[in-house]
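Reviewing the structure listed below.
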Amino acid sequence: MSELLQSIQENVVFLLEFLALICALFLVAYAAEKWAKKVSGDTERVLSTRKIAVIGVLSAISAILMLFEFPVPFAPPFYEIDFSELPALIGTFAYGPVAGVLIELCKILLKLLMKGTTTAFVGDLANFSIGCSYLLPASIIYLFKKTRKNAVVGCIAGTFVMTVVGTAFNAIYLLPKFAQLYGMPLDAIIGMGTAINPSINSVSSFVMLAVAPLNLLKGTSVSVMTLLIYKKLSPVLKTNEPIKVVKQKEKTKMTV
């Protein structure tokens, strides 16, 4: 009975930590976006009806992409790569950091509804937090000056921050928490890494040789794909063309 109560307590604490992280990242995104709008004199709302609708669509696409995970040869099987950050980064570039955090959050919620969790929610926390650590630097840099050069710089900065944060977060929090919630010794997890790469013999070598390359590969791949397609998608995401078409038709009738 005491073990059950302890397990429930651990899961409740983990959930509260997850919620606190969500709030913290949202506040960072909101503060950065409001600051950038104040500096540039932009009076557009952080969230409009159109933005919310597109965020919903991009979240759904991200959730679907998250279901397609691919193993990497240098990490244990519970570390897989997916490209769910691609729609999130596109939405973040188009609408700002708040949109990026919302897409990440909605993506995780939709994925949990469709597939559930196989990592006691630790993997979902990792995907959300590390994804945000990639999106926020990239979008904040791009937000202040929306040029292709800044987009490239933002993607490089985001990939670097994601790699550093992902590596440190796994070493300090995620791996111990995964071991705790699963009741698995941390040495057993490290042993899974050793079976793939004999150089992995500690938590530090595990994250440096398995986690860091994974985040670097993911950030680079998503960045390249975003830079290739964002310019073509940007007018579609930002335009109000359907409204303009209707107005133009009404104007033509009146002229006739």
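Following the order of the structure tokens, chains are lettered A, B, ..., residues in each are numbered from 1, and ligands are numbered from 1.
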
Original post:
Which neighbours of A:Thr220 fall inside 12 Å, counting only C-alpha atoms, when residues of the same chain fewer than 3 positions from it are skipped, and could you give them as JSON, numbers by chain?
Top reply: {"A": [81, 83, 85, 86, 134, 152, 154, 155, 156, 157, 158, 159, 160, 162, 163, 213, 214, 215, 216, 217, 223, 224, 225, 226, 227]}

Only C-alpha atoms, please: the residues just picked out, written as a PDB file, in the first residue's frame.
ATOM      1  CA  ILE A  81      13.846  10.796 -34.303  1.00  0.00           C
ATOM      2  CA  PHE A  83       9.993  15.480 -37.706  1.00  0.00           C
ATOM      3  CA  GLU A  85       8.989  20.136 -35.176  1.00  0.00           C
ATOM      4  CA  LEU A  86       8.718  20.958 -38.910  1.00  0.00           C
ATOM      5  CA  TYR A 134      14.613  24.776 -30.391  1.00  0.00           C
ATOM      6  CA  VAL A 152      19.219  30.813 -41.009  1.00  0.00           C
ATOM      7  CA  GLY A 154      17.739  31.506 -35.880  1.00  0.00           C
ATOM      8  CA  CYS A 155      17.753  27.877 -37.032  1.00  0.00           C
ATOM      9  CA  ILE A 156      21.457  27.521 -36.201  1.00  0.00           C
ATOM     10  CA  ALA A 157      20.927  29.090 -32.768  1.00  0.00           C
ATOM     11  CA  GLY A 158      17.853  26.932 -32.135  1.00  0.00           C
ATOM     12  CA  THR A 159      19.704  23.747 -33.078  1.00  0.00           C
ATOM     13  CA  PHE A 160      22.614  24.668 -30.808  1.00  0.00           C
ATOM     14  CA  MET A 162      18.277  22.385 -28.348  1.00  0.00           C
ATOM     15  CA  THR A 163      21.418  20.238 -28.387  1.00  0.00           C
ATOM     16  CA  PRO A 213      23.947  13.674 -31.826  1.00  0.00           C
ATOM     17  CA  LEU A 214      20.214  12.893 -31.940  1.00  0.00           C
ATOM     18  CA  ASN A 215      19.224  16.498 -31.183  1.00  0.00           C
ATOM     19  CA  LEU A 216      21.851  17.850 -33.553  1.00  0.00           C
ATOM     20  CA  LEU A 217      20.592  15.591 -36.361  1.00  0.00           C
ATOM     21  CA  SER A 223      16.015  23.553 -40.177  1.00  0.00           C
ATOM     22  CA  VAL A 224      16.988  22.593 -43.714  1.00  0.00           C
ATOM     23  CA  MET A 225      13.460  21.445 -44.597  1.00  0.00           C
ATOM     24  CA  THR A 226      11.916  24.609 -43.123  1.00  0.00           C
ATOM     25  CA  LEU A 227      14.281  26.925 -44.999  1.00  0.00           C
TER      26      LEU A 227
END

**OP:** Give me the residues within 10 Å of A:Ile22 as number ranges by chain, counting only C-alpha atoms and dropping any in the same chain fewer than 3 places off.
**Re:** A: 16-19, 25-27, 101-102, 104-105, 125, 128-129, 132

Keeping only N, CA and C atoms, write those residues as a compact mmCIF listing (two decimals), in the first residue's frame.
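Result written to again38.txt:
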# COMPACT_ATOMS: atom_id res chain seq x y z
N LEU A 16 2.85 17.92 -11.93
CA LEU A 16 2.93 19.32 -11.52
C LEU A 16 4.19 19.99 -12.09
N GLU A 17 5.27 19.26 -12.14
CA GLU A 17 6.51 19.78 -12.73
C GLU A 17 6.30 20.04 -14.23
N PHE A 18 5.59 19.13 -14.88
CA PHE A 18 5.29 19.27 -16.31
C PHE A 18 4.46 20.54 -16.54
N LEU A 19 3.43 20.74 -15.73
CA LEU A 19 2.56 21.90 -15.87
C LEU A 19 3.32 23.20 -15.60
N LEU A 25 7.44 28.21 -20.06
CA LEU A 25 7.79 28.39 -21.47
C LEU A 25 6.80 29.30 -22.18
N PHE A 26 5.53 29.18 -21.81
CA PHE A 26 4.51 30.06 -22.41
C PHE A 26 4.76 31.52 -22.02
N LEU A 27 5.11 31.76 -20.77
CA LEU A 27 5.38 33.12 -20.31
C LEU A 27 6.61 33.71 -21.00
N VAL A 101 4.89 27.45 -29.01
CA VAL A 101 4.66 26.72 -27.75
C VAL A 101 3.29 26.04 -27.77
N LEU A 102 2.28 26.74 -28.30
CA LEU A 102 0.94 26.16 -28.37
C LEU A 102 0.90 24.96 -29.31
N GLU A 104 3.41 22.97 -29.99
CA GLU A 104 4.09 21.88 -29.28
C GLU A 104 3.18 21.23 -28.24
N LEU A 105 2.47 22.07 -27.48
CA LEU A 105 1.58 21.55 -26.43
C LEU A 105 0.42 20.76 -27.03
N LEU A 125 7.30 14.75 -22.10
CA LEU A 125 7.87 15.96 -21.50
C LEU A 125 9.14 16.36 -22.23
N PHE A 128 8.32 17.89 -25.67
CA PHE A 128 7.77 19.25 -25.55
C PHE A 128 8.84 20.26 -25.15
N SER A 129 9.56 19.97 -24.09
CA SER A 129 10.52 20.94 -23.56
C SER A 129 11.69 21.16 -24.50
N CYS A 132 10.56 23.07 -27.58
CA CYS A 132 10.44 24.50 -27.30
C CYS A 132 11.80 25.18 -27.22

Original post:
Contacts of A:Ser139 at 9 Å or less, counting only C-alpha atoms, minus same-chain residues fewer than 3 places along, as a list of chain:residue names?
Top reply: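 Listed by chain and then number, they are A:Leu89, A:Thr92, A:Phe93, A:Ala94, A:Gly96, A:Pro97, A:Gly100, A:Tyr134, A:Leu135, A:Leu136, A:Tyr142, A:Leu143, A:Phe144, A:Ala151, A:Gly154, A:Cys155, A:Gly158.
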
Subject >> Spatial neighbours of stretch 41-46 of chain A, max dist 8 Å, only C-alpha atoms, sep filter under 6 positions, as JSON, numbers by chain >> reply: {"A": [33, 34, 95, 96, 98]}

Near A:Ser204, within 7 Å and counting only C-alpha atoms, which residues show up once chain neighbours fewer than 3 positions away are dropped, as a short mmCIF file (atom, residue, chain, number, x, y, z; two decimals) with C-alpha atoms, in the first residue's frame?
data_model
loop_
_atom_site.label_atom_id
_atom_site.label_comp_id
_atom_site.auth_asym_id
_atom_site.auth_seq_id
_atom_site.Cartn_x
_atom_site.Cartn_y
_atom_site.Cartn_z
CA ALA A 171 21.53 14.02 -17.80
CA VAL A 207 24.11 11.97 -23.26
CA MET A 208 27.18 13.18 -25.15
#

Original post:
Rounded to one decimal in Å, what is the spacing between atom CA of A:Thr118 and atom CA of A:Pro76?
Top reply: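 Separation of atom CA of A:Thr118 and atom CA of A:Pro76: 14.6 Å.
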
Subject >> Contacts of A:Ile108 at 9 Å (only C-alpha atoms; same-chain gap of 4+ positions) as a list in words >> reply: Ser59, Ser62, Ala63, Met66, Ile103, Glu104, Leu112, Leu113, Asp124, Leu125, Asn127 and Phe128 of chain A

Just N, CA and C atoms for this one: save the residues we selected as a PDB file, in the first residue's frame.
ATOM      1  N   SER A  59      -0.859  21.840 -35.520  1.00  0.00           N
ATOM      2  CA  SER A  59      -0.731  20.923 -34.377  1.00  0.00           C
ATOM      3  C   SER A  59      -1.130  19.503 -34.776  1.00  0.00           C
ATOM      4  N   SER A  62       1.602  18.060 -36.881  1.00  0.00           N
ATOM      5  CA  SER A  62       2.736  17.721 -36.017  1.00  0.00           C
ATOM      6  C   SER A  62       2.481  16.427 -35.250  1.00  0.00           C
ATOM      7  N   ALA A  63       1.248  16.277 -34.736  1.00  0.00           N
ATOM      8  CA  ALA A  63       0.903  15.062 -33.981  1.00  0.00           C
ATOM      9  C   ALA A  63       0.996  13.822 -34.856  1.00  0.00           C
ATOM     10  N   MET A  66       4.547  12.992 -35.459  1.00  0.00           N
ATOM     11  CA  MET A  66       5.163  12.452 -34.247  1.00  0.00           C
ATOM     12  C   MET A  66       4.946  10.942 -34.129  1.00  0.00           C
ATOM     13  N   ILE A 103       1.590  25.048 -30.431  1.00  0.00           N
ATOM     14  CA  ILE A 103       1.635  23.917 -31.366  1.00  0.00           C
ATOM     15  C   ILE A 103       2.305  22.721 -30.695  1.00  0.00           C
ATOM     16  N   GLU A 104       3.409  22.969 -29.992  1.00  0.00           N
ATOM     17  CA  GLU A 104       4.094  21.884 -29.281  1.00  0.00           C
ATOM     18  C   GLU A 104       3.183  21.233 -28.239  1.00  0.00           C
ATOM     19  N   LEU A 112      -0.998  11.946 -27.326  1.00  0.00           N
ATOM     20  CA  LEU A 112      -1.400  11.129 -26.183  1.00  0.00           C
ATOM     21  C   LEU A 112      -2.795  10.542 -26.386  1.00  0.00           C
ATOM     22  N   LEU A 113      -3.685  11.311 -27.012  1.00  0.00           N
ATOM     23  CA  LEU A 113      -5.031  10.813 -27.296  1.00  0.00           C
ATOM     24  C   LEU A 113      -5.000   9.693 -28.334  1.00  0.00           C
ATOM     25  N   ASP A 124       7.286  12.342 -23.487  1.00  0.00           N
ATOM     26  CA  ASP A 124       6.425  13.435 -23.940  1.00  0.00           C
ATOM     27  C   ASP A 124       6.889  14.766 -23.366  1.00  0.00           C
ATOM     28  N   LEU A 125       7.301  14.753 -22.105  1.00  0.00           N
ATOM     29  CA  LEU A 125       7.872  15.957 -21.495  1.00  0.00           C
ATOM     30  C   LEU A 125       9.145  16.365 -22.225  1.00  0.00           C
ATOM     31  N   ASN A 127      10.009  15.663 -25.341  1.00  0.00           N
ATOM     32  CA  ASN A 127       9.700  16.165 -26.680  1.00  0.00           C
ATOM     33  C   ASN A 127       9.198  17.596 -26.628  1.00  0.00           C
ATOM     34  N   PHE A 128       8.322  17.894 -25.673  1.00  0.00           N
ATOM     35  CA  PHE A 128       7.772  19.246 -25.550  1.00  0.00           C
ATOM     36  C   PHE A 128       8.838  20.256 -25.150  1.00  0.00           C
TER      37      PHE A 128
END

**OP:** Based on DSSP run over this structure's backbone, return all residues of stretch 27-209 of chain A in helix (DSSP H, G or I), as a VMD selection string.
**Re:** chain A and resid 27 to 40 49 to 66 85 to 95 97 to 115 122 to 144 148 to 182 186 to 196 203 to 209

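Of the listed residues (A:Thr119, A:Ile55, A:Val12, A:Thr167), A:Thr119 comes nearest to A:Gly183; the distances count only C-alpha atoms.
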
**OP:** Select from stretch 18-132 of chain A everything DSSP, run on the backbone, classes as strand (DSSP E or B), then give the selection as a PyMOL selection string.
**Re:** chain A and resi 70-71+80-81
